[in-house]
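**Student:** Input file: work-v6.cif. Contents: mmCIF, C-alpha atoms and all ligand atoms; chains and numbers go by the auth columns.
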data_query
#
loop_
_atom_site.group_PDB
_atom_site.id
_atom_site.type_symbol
_atom_site.label_atom_id
_atom_site.label_comp_id
_atom_site.label_asym_id
_atom_site.label_seq_id
_atom_site.Cartn_x
_atom_site.Cartn_y
_atom_site.Cartn_z
_atom_site.B_iso_or_equiv
_atom_site.auth_seq_id
_atom_site.auth_asym_id
ATOM 1 C CA MET A 1 -7.069 -5.015 -17.542 0.00 98 X
ATOM 2 C CA SER A 2 -6.687 -6.527 -14.070 0.00 99 X
ATOM 3 C CA ASN A 3 -8.537 -9.629 -13.071 0.00 100 X
ATOM 4 C CA ILE A 4 -9.741 -9.285 -9.475 0.00 101 X
ATOM 5 C CA LEU A 5 -11.575 -11.730 -7.210 0.00 102 X
ATOM 6 C CA VAL A 6 -13.674 -10.767 -4.181 0.00 103 X
ATOM 7 C CA VAL A 7 -13.663 -13.430 -1.450 0.00 104 X
ATOM 8 C CA VAL A 8 -16.234 -12.982 1.318 0.00 105 X
ATOM 9 C CA TYR A 9 -17.145 -14.589 4.606 0.00 106 X
ATOM 10 C CA SER A 10 -20.372 -13.396 6.216 0.00 107 X
ATOM 11 C CA HIS A 11 -22.177 -14.699 9.275 0.00 108 X
ATOM 12 C CA THR A 12 -25.250 -12.447 9.301 0.00 109 X
ATOM 13 C CA GLY A 13 -25.268 -11.153 5.717 0.00 110 X
ATOM 14 C CA THR A 14 -23.722 -7.667 5.997 0.00 111 X
ATOM 15 C CA SER A 15 -20.301 -8.496 4.540 0.00 112 X
ATOM 16 C CA GLN A 16 -22.116 -10.401 1.810 0.00 113 X
ATOM 17 C CA ARG A 17 -24.027 -7.223 0.871 0.00 114 X
ATOM 18 C CA VAL A 18 -20.765 -5.262 0.768 0.00 115 X
ATOM 19 C CA ALA A 19 -19.076 -7.877 -1.435 0.00 116 X
ATOM 20 C CA GLU A 20 -22.059 -8.029 -3.795 0.00 117 X
ATOM 21 C CA LEU A 21 -22.109 -4.256 -4.206 0.00 118 X
ATOM 22 C CA LEU A 22 -18.346 -4.141 -4.846 0.00 119 X
ATOM 23 C CA CYS A 23 -18.705 -6.838 -7.515 0.00 120 X
ATOM 24 C CA SER A 24 -21.598 -5.048 -9.169 0.00 121 X
ATOM 25 C CA GLN A 25 -19.736 -1.700 -9.093 0.00 122 X
ATOM 26 C CA GLN A 26 -16.557 -3.143 -10.635 0.00 123 X
ATOM 27 C CA GLY A 27 -17.793 -6.154 -12.627 0.00 124 X
ATOM 28 C CA TRP A 28 -15.673 -8.512 -10.495 0.00 125 X
ATOM 29 C CA ARG A 29 -16.282 -12.124 -9.597 0.00 126 X
ATOM 30 C CA MET A 30 -17.279 -13.141 -6.053 0.00 127 X
ATOM 31 C CA ALA A 31 -16.503 -16.332 -4.139 0.00 128 X
ATOM 32 C CA GLU A 32 -17.706 -17.346 -0.680 0.00 129 X
ATOM 33 C CA ILE A 33 -16.097 -18.922 2.345 0.00 130 X
ATOM 34 C CA ARG A 34 -18.580 -21.010 4.335 0.00 131 X
ATOM 35 C CA ASP A 35 -18.468 -22.608 7.733 0.00 132 X
ATOM 36 C CA ALA A 36 -17.887 -26.346 7.706 0.00 133 X
ATOM 37 C CA ARG A 37 -19.972 -26.415 10.919 0.00 134 X
ATOM 38 C CA PRO A 38 -22.898 -23.966 10.905 0.00 135 X
ATOM 39 C CA ARG A 39 -23.036 -21.342 13.671 0.00 136 X
ATOM 40 C CA ARG A 40 -26.465 -21.017 15.206 0.00 137 X
ATOM 41 C CA GLY A 41 -27.838 -19.028 18.120 0.00 138 X
ATOM 42 C CA VAL A 42 -25.984 -18.168 21.285 0.00 139 X
ATOM 43 C CA LEU A 43 -23.572 -21.093 21.002 0.00 140 X
ATOM 44 C CA GLY A 44 -22.704 -20.031 17.460 0.00 141 X
ATOM 45 C CA ASN A 45 -21.896 -16.508 18.685 0.00 142 X
ATOM 46 C CA LEU A 46 -19.865 -17.945 21.532 0.00 143 X
ATOM 47 C CA ARG A 47 -17.801 -19.917 19.019 0.00 144 X
ATOM 48 C CA CYS A 48 -17.152 -16.674 17.099 0.00 145 X
ATOM 49 C CA LEU A 49 -15.848 -15.042 20.271 0.00 146 X
ATOM 50 C CA VAL A 50 -13.682 -17.971 21.364 0.00 147 X
ATOM 51 C CA GLU A 51 -12.132 -18.262 17.893 0.00 148 X
ATOM 52 C CA SER A 52 -11.269 -14.575 17.952 0.00 149 X
ATOM 53 C CA LEU A 53 -9.905 -14.546 21.479 0.00 150 X
ATOM 54 C CA PHE A 54 -7.621 -17.527 20.825 0.00 151 X
ATOM 55 C CA LYS A 55 -6.990 -16.754 17.126 0.00 152 X
ATOM 56 C CA LEU A 56 -8.333 -20.187 16.160 0.00 153 X
ATOM 57 C CA ARG A 57 -8.729 -21.375 12.558 0.00 154 X
ATOM 58 C CA PRO A 58 -12.118 -23.075 12.219 0.00 155 X
ATOM 59 C CA ALA A 59 -12.811 -25.577 9.433 0.00 156 X
ATOM 60 C CA ILE A 60 -14.199 -23.876 6.315 0.00 157 X
ATOM 61 C CA ARG A 61 -15.491 -24.789 2.875 0.00 158 X
ATOM 62 C CA TYR A 62 -14.360 -22.854 -0.174 0.00 159 X
ATOM 63 C CA ASP A 63 -15.493 -23.909 -3.639 0.00 160 X
ATOM 64 C CA GLY A 64 -14.466 -20.725 -5.459 0.00 161 X
ATOM 65 C CA PRO A 65 -11.741 -20.255 -8.058 0.00 162 X
ATOM 66 C CA LEU A 66 -8.060 -20.406 -7.134 0.00 163 X
ATOM 67 C CA PRO A 67 -6.976 -16.963 -5.872 0.00 164 X
ATOM 68 C CA ARG A 68 -3.582 -17.382 -7.556 0.00 165 X
ATOM 69 C CA ASP A 69 -5.324 -17.196 -10.949 0.00 166 X
ATOM 70 C CA PHE A 70 -6.170 -13.530 -10.223 0.00 167 X
ATOM 71 C CA ASP A 71 -4.063 -10.356 -10.098 0.00 168 X
ATOM 72 C CA ALA A 72 -5.474 -9.380 -6.705 0.00 169 X
ATOM 73 C CA VAL A 73 -8.019 -10.590 -4.168 0.00 170 X
ATOM 74 C CA VAL A 74 -10.287 -8.360 -2.085 0.00 171 X
ATOM 75 C CA LEU A 75 -11.058 -10.052 1.248 0.00 172 X
ATOM 76 C CA VAL A 76 -14.341 -9.008 2.893 0.00 173 X
ATOM 77 C CA SER A 77 -15.250 -10.216 6.378 0.00 174 X
ATOM 78 C CA PRO A 78 -16.691 -9.186 9.743 0.00 175 X
ATOM 79 C CA VAL A 79 -14.846 -8.222 12.905 0.00 176 X
ATOM 80 C CA TRP A 80 -15.435 -10.432 15.933 0.00 177 X
ATOM 81 C CA ALA A 81 -14.170 -9.499 19.391 0.00 178 X
ATOM 82 C CA LEU A 82 -11.988 -6.782 17.845 0.00 179 X
ATOM 83 C CA GLN A 83 -10.288 -9.375 15.608 0.00 180 X
ATOM 84 C CA LEU A 84 -10.497 -10.905 12.165 0.00 181 X
ATOM 85 C CA ALA A 85 -13.387 -13.389 11.896 0.00 182 X
ATOM 86 C CA GLY A 86 -12.071 -16.956 12.306 0.00 183 X
ATOM 87 C CA PRO A 87 -13.190 -18.318 8.921 0.00 184 X
ATOM 88 C CA MET A 88 -11.291 -15.563 7.053 0.00 185 X
ATOM 89 C CA ARG A 89 -8.242 -16.308 9.224 0.00 186 X
ATOM 90 C CA SER A 90 -8.495 -19.974 8.122 0.00 187 X
ATOM 91 C CA PHE A 91 -8.786 -18.996 4.460 0.00 188 X
ATOM 92 C CA VAL A 92 -5.800 -16.646 4.495 0.00 189 X
ATOM 93 C CA ALA A 93 -3.626 -18.927 6.631 0.00 190 X
ATOM 94 C CA THR A 94 -4.112 -21.986 4.422 0.00 191 X
ATOM 95 C CA ARG A 95 -3.536 -20.078 1.181 0.00 192 X
ATOM 96 C CA ARG A 96 -0.966 -17.496 2.211 0.00 193 X
ATOM 97 C CA ASP A 97 1.711 -18.888 -0.118 0.00 194 X
ATOM 98 C CA HIS A 98 -0.615 -18.763 -3.116 0.00 195 X
ATOM 99 C CA LEU A 99 -2.347 -15.426 -2.626 0.00 196 X
ATOM 100 C CA PRO A 100 -1.758 -12.541 -5.023 0.00 197 X
ATOM 101 C CA ASP A 101 -1.847 -8.986 -3.643 0.00 198 X
ATOM 102 C CA VAL A 102 -4.745 -8.535 -1.240 0.00 199 X
ATOM 103 C CA ALA A 103 -7.005 -5.654 -0.243 0.00 200 X
ATOM 104 C CA VAL A 104 -8.993 -5.913 2.978 0.00 201 X
ATOM 105 C CA VAL A 105 -12.535 -4.741 3.715 0.00 202 X
ATOM 106 C CA SER A 106 -13.706 -5.201 7.300 0.00 203 X
ATOM 107 C CA VAL A 107 -17.331 -4.902 8.381 0.00 204 X
ATOM 108 C CA MET A 108 -17.988 -4.126 12.033 0.00 205 X
ATOM 109 C CA GLY A 109 -20.191 -2.582 14.670 0.00 206 X
ATOM 110 C CA GLY A 110 -17.616 0.129 15.280 0.00 207 X
ATOM 111 C CA GLN A 111 -14.189 -1.134 16.362 0.00 208 X
ATOM 112 C CA GLY A 112 -11.492 -3.581 15.334 0.00 209 X
ATOM 113 C CA GLY A 113 -11.109 -3.096 11.567 0.00 210 X
ATOM 114 C CA PRO A 114 -7.417 -2.134 11.769 0.00 211 X
ATOM 115 C CA ASN A 115 -6.679 -5.264 13.846 0.00 212 X
ATOM 116 C CA ALA A 116 -8.232 -7.466 11.162 0.00 213 X
ATOM 117 C CA ALA A 117 -6.155 -5.825 8.417 0.00 214 X
ATOM 118 C CA ALA A 118 -3.011 -6.086 10.560 0.00 215 X
ATOM 119 C CA GLU A 119 -3.580 -9.805 11.131 0.00 216 X
ATOM 120 C CA ILE A 120 -3.965 -10.427 7.405 0.00 217 X
ATOM 121 C CA ALA A 121 -0.755 -8.477 6.777 0.00 218 X
ATOM 122 C CA GLN A 122 1.026 -10.617 9.347 0.00 219 X
ATOM 123 C CA LEU A 123 -0.308 -13.863 7.850 0.00 220 X
ATOM 124 C CA VAL A 124 0.653 -13.025 4.257 0.00 221 X
ATOM 125 C CA GLY A 125 3.923 -11.351 5.240 0.00 222 X
ATOM 126 C CA HIS A 126 3.289 -7.971 3.670 0.00 223 X
ATOM 127 C CA ALA A 127 0.888 -5.058 3.922 0.00 224 X
ATOM 128 C CA PRO A 128 -2.352 -5.171 1.934 0.00 225 X
ATOM 129 C CA LEU A 129 -2.596 -3.025 -1.192 0.00 226 X
ATOM 130 C CA LEU A 130 -5.383 -1.149 0.597 0.00 227 X
ATOM 131 C CA SER A 131 -7.601 -1.683 3.584 0.00 228 X
ATOM 132 C CA THR A 132 -10.749 -0.076 4.891 0.00 229 X
ATOM 133 C CA ALA A 133 -13.620 -0.729 7.275 0.00 230 X
ATOM 134 C CA PHE A 134 -17.340 -0.011 7.208 0.00 231 X
ATOM 135 C CA THR A 135 -19.751 0.005 10.097 0.00 232 X
ATOM 136 C CA LEU A 136 -22.955 -1.975 10.061 0.00 233 X
ATOM 137 C CA ARG A 137 -24.779 1.347 10.219 0.00 234 X
ATOM 138 C CA GLU A 138 -23.010 2.697 7.108 0.00 235 X
ATOM 139 C CA VAL A 139 -23.930 -0.464 5.223 0.00 236 X
ATOM 140 C CA GLU A 140 -27.535 -0.322 6.349 0.00 237 X
ATOM 141 C CA ASP A 141 -28.029 3.349 5.427 0.00 238 X
ATOM 142 C CA GLY A 142 -26.079 2.982 2.169 0.00 239 X
ATOM 143 C CA SER A 143 -23.640 5.790 2.955 0.00 240 X
ATOM 144 C CA TYR A 144 -20.642 3.479 2.406 0.00 241 X
ATOM 145 C CA ALA A 145 -21.310 2.936 -1.293 0.00 242 X
ATOM 146 C CA ALA A 146 -19.163 5.793 -2.645 0.00 243 X
ATOM 147 C CA ARG A 147 -16.204 4.857 -0.433 0.00 244 X
ATOM 148 C CA LEU A 148 -16.510 1.241 -1.481 0.00 245 X
ATOM 149 C CA GLU A 149 -16.470 2.257 -5.133 0.00 246 X
ATOM 150 C CA ALA A 150 -13.392 4.429 -4.499 0.00 247 X
ATOM 151 C CA LEU A 151 -11.627 1.471 -2.884 0.00 248 X
ATOM 152 C CA GLY A 152 -12.444 -0.751 -5.852 0.00 249 X
ATOM 153 C CA THR A 153 -11.230 1.868 -8.313 0.00 250 X
ATOM 154 C CA ALA A 154 -7.996 2.323 -6.336 0.00 251 X
ATOM 155 C CA VAL A 155 -7.315 -1.447 -6.251 0.00 252 X
ATOM 156 C CA LYS A 156 -7.890 -1.647 -9.993 0.00 253 X
ATOM 157 C CA ALA A 157 -5.643 1.379 -10.624 0.00 254 X
ATOM 158 C CA ALA A 158 -2.872 -0.090 -8.455 0.00 255 X
ATOM 159 C CA LYS A 159 -2.905 -3.381 -10.330 0.00 256 X
ATOM 160 C CA ASP A 160 -3.312 -1.809 -13.783 0.00 257 X
ATOM 161 C CA SER A 161 -0.344 0.488 -13.174 0.00 258 X
ATOM 162 C CA GLN A 162 1.812 -2.482 -12.076 0.00 259 X
ATOM 163 C CA ALA A 163 0.799 -4.342 -15.226 0.00 260 X
ATOM 164 C CA VAL A 164 1.938 -1.429 -17.371 0.00 261 X
ATOM 165 C CA VAL A 165 5.140 -0.667 -15.460 0.00 262 X
ATOM 166 C CA ARG A 166 6.480 -4.211 -15.023 0.00 263 X
ATOM 167 C CA PRO A 167 7.560 -5.038 -18.600 0.00 264 X
ATOM 168 C CA VAL A 168 9.249 -1.657 -19.010 0.00 265 X
ATOM 169 C CA THR A 169 11.179 -1.809 -15.752 0.00 266 X
ATOM 170 C CA LEU A 170 12.145 -5.483 -15.825 0.00 267 X
ATOM 171 C CA SER A 171 12.886 -6.186 -19.471 0.00 268 X
ATOM 172 C CA PRO A 172 16.332 -5.085 -20.692 0.00 269 X
ATOM 173 C CA GLN A 173 14.949 -5.044 -24.243 0.00 270 X
ATOM 174 C CA ALA A 174 12.516 -2.339 -23.231 0.00 271 X
ATOM 175 C CA ILE A 175 15.263 0.157 -22.374 0.00 272 X
HETATM 176 C C1 LIG B . -19.616 -12.723 18.044 0.00 1 D
HETATM 177 C C2 LIG B . -19.564 -11.340 17.498 0.00 1 D
HETATM 178 C C3 LIG B . -18.582 -10.451 17.923 0.00 1 D
HETATM 179 C C4 LIG B . -18.518 -9.149 17.409 0.00 1 D
HETATM 180 N N1 LIG B . -17.514 -8.324 17.828 0.00 1 D
HETATM 181 C C5 LIG B . -17.429 -7.079 17.295 0.00 1 D
HETATM 182 C C6 LIG B . -16.345 -6.214 17.657 0.00 1 D
HETATM 183 O O1 LIG B . -15.472 -6.536 18.436 0.00 1 D
HETATM 184 N N2 LIG B . -16.311 -4.980 17.103 0.00 1 D
HETATM 185 C C7 LIG B . -17.269 -4.534 16.245 0.00 1 D
HETATM 186 O O2 LIG B . -17.168 -3.416 15.793 0.00 1 D
HETATM 187 N N3 LIG B . -18.292 -5.357 15.866 0.00 1 D
HETATM 188 C C8 LIG B . -18.387 -6.616 16.368 0.00 1 D
HETATM 189 N N4 LIG B . -19.414 -7.439 15.980 0.00 1 D
HETATM 190 C C9 LIG B . -20.400 -6.938 15.020 0.00 1 D
HETATM 191 C C10 LIG B . -20.104 -7.435 13.600 0.00 1 D
HETATM 192 O O3 LIG B . -18.771 -7.153 13.197 0.00 1 D
HETATM 193 C C11 LIG B . -21.045 -6.752 12.607 0.00 1 D
HETATM 194 O O4 LIG B . -22.369 -7.022 12.995 0.00 1 D
HETATM 195 C C12 LIG B . -20.833 -7.192 11.185 0.00 1 D
HETATM 196 O O5 LIG B . -21.618 -6.380 10.362 0.00 1 D
HETATM 197 C C13 LIG B . -21.239 -8.621 10.951 0.00 1 D
HETATM 198 O O6 LIG B . -20.943 -8.952 9.618 0.00 1 D
HETATM 199 P P1 LIG B . -21.714 -10.129 8.879 0.00 1 D
HETATM 200 O O7 LIG B . -23.187 -9.730 8.857 0.00 1 D
HETATM 201 O O8 LIG B . -21.154 -10.182 7.519 0.00 1 D
HETATM 202 O O9 LIG B . -21.513 -11.393 9.646 0.00 1 D
HETATM 203 C C14 LIG B . -19.486 -8.729 16.463 0.00 1 D
HETATM 204 C C15 LIG B . -20.475 -9.621 16.044 0.00 1 D
HETATM 205 C C16 LIG B . -20.518 -10.914 16.546 0.00 1 D
HETATM 206 C C17 LIG B . -21.572 -11.867 16.068 0.00 1 D
#
Could you take the file, read its structure, and then write that structure out as structure tokens?
**Tutor:**
Amino acid sequence: MSNILVVVYSHTGTSQRVAELLCSQQGWRMAEIRDARPRRGVLGNLRCLVESLFKLRPAIRYDGPLPRDFDAVVLVSPVWALQLAGPMRSFVATRRDHLPDVAVVSVMGGQGGPNAAAEIAQLVGHAPLLSTAFTLREVEDGSYAARLEALGTAVKAAKDSQAVVRPVTLSPQAI
């Protein structure tokens, strides 16, 4: 059975809720990206915007397990200024050579999810296994839960089917 890690960055707690629900639905482990420099108040929000506009990579702290020890990683983070949140950009950029397959979950007010997934695809050099986005409203009213579960099940199915197919297709002794 596939071993999948959920890595989350959350500024105001919504992405954190999404990641926690996904982990409880699928029995997966969660790890958090944190800001090296806390973001507070208006200046904190301004930093979010500037990082997005200039695609900056802010300093982060990550004490979770090594992503390369997992079959896939689900990345959960907010959208800022129609772009991937800076701390997730930093995480993906510094680990791009050691990341297994990724799936992307964006959390947003209403716009920008596809840009975030596209940036992750560009950083890692290939398309995510799956990507989706939820609005803040969907998270708050709970209506996203079934779609989140479907995404988790699809990620698991994709990895489980690779695990079964690989030895048969690659090993000459299996023919
Ligand atoms: C600085 C900043 C910029 C944002 N820009 C966007 C945006 O461009 N599009 C959007 O849909 N939501 C935007 N949002 C809303 C967040 O994506 C949304 O509130 C999300 O749920 C926050 O996730 P979090 O609670 O995990 O930090 C922005 C929020 C902040 C703080």
**Student:** List the residues matched by the PyMOL selection byres (((chain X and resi 124-140) around 7) and not hetatm) in the displayed structure as a list in words, ordered by chain and then by residue number.
**Tutor:**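 In the shown coordinates, the PyMOL selection byres (((chain X and resi 124-140) around 7) and not hetatm) covers Ile101, Leu102, Val103, Val104, Val105, Tyr106, Cys120, Ser121, Gln122, Gln123, Gly141, Asn142, Leu143, Arg144, Ala156, Ile157, Arg158, Tyr159, Gly161 and Pro184 of chain X.
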**Student:** For X:Val170, find every residue with an atom within 9 Å (counting only C-alpha atoms), except residues of its own chain fewer than 3 positions away, and show them as a tab-separated table (two decimals) with C-alpha atoms, in the frame of the given file.
**Tutor:**
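What landed in out-v6.tsv:
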chain	number	residue	atom	x	y	z
X	100	ASN	CA	-8.54	-9.63	-13.07
X	101	ILE	CA	-9.74	-9.28	-9.48
X	102	LEU	CA	-11.58	-11.73	-7.21
X	103	VAL	CA	-13.67	-10.77	-4.18
X	104	VAL	CA	-13.66	-13.43	-1.45
X	164	PRO	CA	-6.98	-16.96	-5.87
X	165	ARG	CA	-3.58	-17.38	-7.56
X	167	PHE	CA	-6.17	-13.53	-10.22
X	196	LEU	CA	-2.35	-15.43	-2.63
X	197	PRO	CA	-1.76	-12.54	-5.02
X	198	ASP	CA	-1.85	-8.99	-3.64
X	199	VAL	CA	-4.74	-8.54	-1.24
X	200	ALA	CA	-7.00	-5.65	-0.24
X	201	VAL	CA	-8.99	-5.91	2.98
**Student:** Would you kindly translate the PyMOL selection byres (((not hetatm)) within 7 of (chain D and resi 1)) into the concrete residues it picks from this file, as a PyMOL selection string?
**Tutor:** chain X and resi 106-113+142-143+145-146+174-180+204-209+232-233
**Student:** Taking the file as I've supplied it (selection: the PyMOL selection byres (((chain X and resi 192) around 10) and not hetatm)), which residues are included? Please answer as a list in words.
**Tutor:**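 Residues picked by the PyMOL selection byres (((chain X and resi 192) around 10) and not hetatm): Leu163, Pro164, Arg165, Ser187, Phe188, Val189, Ala190, Thr191, Arg193, Asp194, His195, Leu196, Pro197, Leu220 and Val221 of chain X.
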**Student:** Grab the residues selected above and save them as a short mmCIF file (atom, residue, chain, number, x, y, z; two decimals), in the frame of the given file with C-alpha atoms.
**Tutor:**
data_model
loop_
_atom_site.label_atom_id
_atom_site.label_comp_id
_atom_site.auth_asym_id
_atom_site.auth_seq_id
_atom_site.Cartn_x
_atom_site.Cartn_y
_atom_site.Cartn_z
CA LEU X 163 -8.06 -20.41 -7.13
CA PRO X 164 -6.98 -16.96 -5.87
CA ARG X 165 -3.58 -17.38 -7.56
CA SER X 187 -8.49 -19.97 8.12
CA PHE X 188 -8.79 -19.00 4.46
CA VAL X 189 -5.80 -16.65 4.50
CA ALA X 190 -3.63 -18.93 6.63
CA THR X 191 -4.11 -21.99 4.42
CA ARG X 193 -0.97 -17.50 2.21
CA ASP X 194 1.71 -18.89 -0.12
CA HIS X 195 -0.62 -18.76 -3.12
CA LEU X 196 -2.35 -15.43 -2.63
CA PRO X 197 -1.76 -12.54 -5.02
CA LEU X 220 -0.31 -13.86 7.85
CA VAL X 221 0.65 -13.02 4.26
#
**Student:** For X:Val147, which residue among X:Leu118, X:Ala254, X:Val173, X:Ala182 is the nearest when counting all atoms listed in the file?
**Tutor:** X:Ala182
**Student:** Atom CA of X:Leu150 and atom CA of X:Val171 are how many Å apart?
**Tutor:**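 Going from atom CA of X:Leu150 over to atom CA of X:Val171, I get 24.4 Å.
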**Student:** For a quick check of understanding, using all atoms listed in the file, which of X:Tyr241, X:Asp168, X:Glu148, X:Asn212 has the smallest distance to X:Ser258?
**Tutor:**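 Of all the options, X:Asp168 lies closest to X:Ser258.
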**Student:** So what do you get for atom CA of X:Ala242 versus atom CA of X:Ser228, distance-wise?
**Tutor:**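 Computed distance, atom CA of X:Ala242 to atom CA of X:Ser228, equals 15.3 Å.
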**Student:** Taking into account all atoms listed in the file, which residue in the set X:Met98, X:Val202, X:Leu248, X:Ala214 is nearest to X:Ala260?
**Tutor:**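 Closest residue, counting all atoms listed in the file: X:Met98.
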**Student:** Find the residue from X:Met185, X:Ser240, X:Ala255, X:Ala247 that sits nearest to X:Glu216; use all atoms listed in the file when measuring.
**Tutor:** X:Met185
**Student:** If I wrap all listed atoms of stretch 111-120 of chain X in a box with edges along x, y and z and add 3 Å on each side, what are its centre and edge lengths in Å to one decimal, as lines of an AutoDock Vina configuration file?
**Tutor:**
center_x = -21.2
center_y = -7.3
center_z = -0.8
size_x = 11.7
size_y = 12.3
size_z = 19.5
**Student:** Atom CA of X:Glu235 to atom CA of X:Lys152: how many Å, to one decimal?
**Tutor:** 27.1 Å
**Student:** Which residue, X:Asp160, X:Leu245, X:Leu181, X:Lys256, has the smallest gap to X:Gln219 when you use all atoms listed in the file?
**Tutor:**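 Result for the nearest residue to X:Gln219: X:Leu181.
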**Student:** For X:Leu227, which residue out of X:Ala251, X:Glu246, X:Pro211, X:Gly239 is the nearest one, using all atoms listed in the file?
**Tutor:**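 Looking only at the distances to X:Leu227, the closest residue turns out to be X:Ala251.
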**Student:** Can I get stretch 169-182 of chain X with N, CA and C atoms filled in, as a PDB file, keeping the file's coordinate frame?
**Tutor:**
ATOM      1  N   ALA X 169      -5.308  -9.824  -8.099  1.00  0.00           N
ATOM      2  CA  ALA X 169      -5.474  -9.380  -6.705  1.00  0.00           C
ATOM      3  C   ALA X 169      -6.761  -9.988  -6.163  1.00  0.00           C
ATOM      4  N   VAL X 170      -6.816 -10.081  -4.827  1.00  0.00           N
ATOM      5  CA  VAL X 170      -8.019 -10.590  -4.168  1.00  0.00           C
ATOM      6  C   VAL X 170      -8.456  -9.566  -3.125  1.00  0.00           C
ATOM      7  N   VAL X 171      -9.736  -9.225  -3.130  1.00  0.00           N
ATOM      8  CA  VAL X 171     -10.287  -8.360  -2.085  1.00  0.00           C
ATOM      9  C   VAL X 171     -10.982  -9.269  -1.063  1.00  0.00           C
ATOM     10  N   LEU X 172     -10.517  -9.200   0.187  1.00  0.00           N
ATOM     11  CA  LEU X 172     -11.058 -10.052   1.248  1.00  0.00           C
ATOM     12  C   LEU X 172     -12.063  -9.244   2.060  1.00  0.00           C
ATOM     13  N   VAL X 173     -13.284  -9.737   2.174  1.00  0.00           N
ATOM     14  CA  VAL X 173     -14.341  -9.008   2.893  1.00  0.00           C
ATOM     15  C   VAL X 173     -14.841  -9.890   4.033  1.00  0.00           C
ATOM     16  N   SER X 174     -14.771  -9.380   5.261  1.00  0.00           N
ATOM     17  CA  SER X 174     -15.250 -10.216   6.378  1.00  0.00           C
ATOM     18  C   SER X 174     -15.568  -9.360   7.599  1.00  0.00           C
ATOM     19  N   PRO X 175     -16.350  -9.929   8.524  1.00  0.00           N
ATOM     20  CA  PRO X 175     -16.691  -9.186   9.743  1.00  0.00           C
ATOM     21  C   PRO X 175     -15.568  -9.182  10.771  1.00  0.00           C
ATOM     22  N   VAL X 176     -15.717  -8.282  11.726  1.00  0.00           N
ATOM     23  CA  VAL X 176     -14.846  -8.222  12.905  1.00  0.00           C
ATOM     24  C   VAL X 176     -15.589  -8.905  14.048  1.00  0.00           C
ATOM     25  N   TRP X 177     -14.873  -9.796  14.733  1.00  0.00           N
ATOM     26  CA  TRP X 177     -15.435 -10.432  15.933  1.00  0.00           C
ATOM     27  C   TRP X 177     -14.479 -10.205  17.095  1.00  0.00           C
ATOM     28  N   ALA X 178     -14.992  -9.737  18.195  1.00  0.00           N
ATOM     29  CA  ALA X 178     -14.170  -9.499  19.391  1.00  0.00           C
ATOM     30  C   ALA X 178     -12.899  -8.732  19.045  1.00  0.00           C
ATOM     31  N   LEU X 179     -13.080  -7.688  18.251  1.00  0.00           N
ATOM     32  CA  LEU X 179     -11.988  -6.782  17.845  1.00  0.00           C
ATOM     33  C   LEU X 179     -10.953  -7.453  16.938  1.00  0.00           C
ATOM     34  N   GLN X 180     -11.254  -8.630  16.422  1.00  0.00           N
ATOM     35  CA  GLN X 180     -10.288  -9.375  15.608  1.00  0.00           C
ATOM     36  C   GLN X 180     -10.925  -9.814  14.288  1.00  0.00           C
ATOM     37  N   LEU X 181     -10.051 -10.298  13.417  1.00  0.00           N
ATOM     38  CA  LEU X 181     -10.497 -10.905  12.165  1.00  0.00           C
ATOM     39  C   LEU X 181     -11.415 -12.101  12.459  1.00  0.00           C
ATOM     40  N   ALA X 182     -12.499 -12.233  11.704  1.00  0.00           N
ATOM     41  CA  ALA X 182     -13.387 -13.389  11.896  1.00  0.00           C
ATOM     42  C   ALA X 182     -12.619 -14.680  11.574  1.00  0.00           C
TER      43      ALA X 182
END
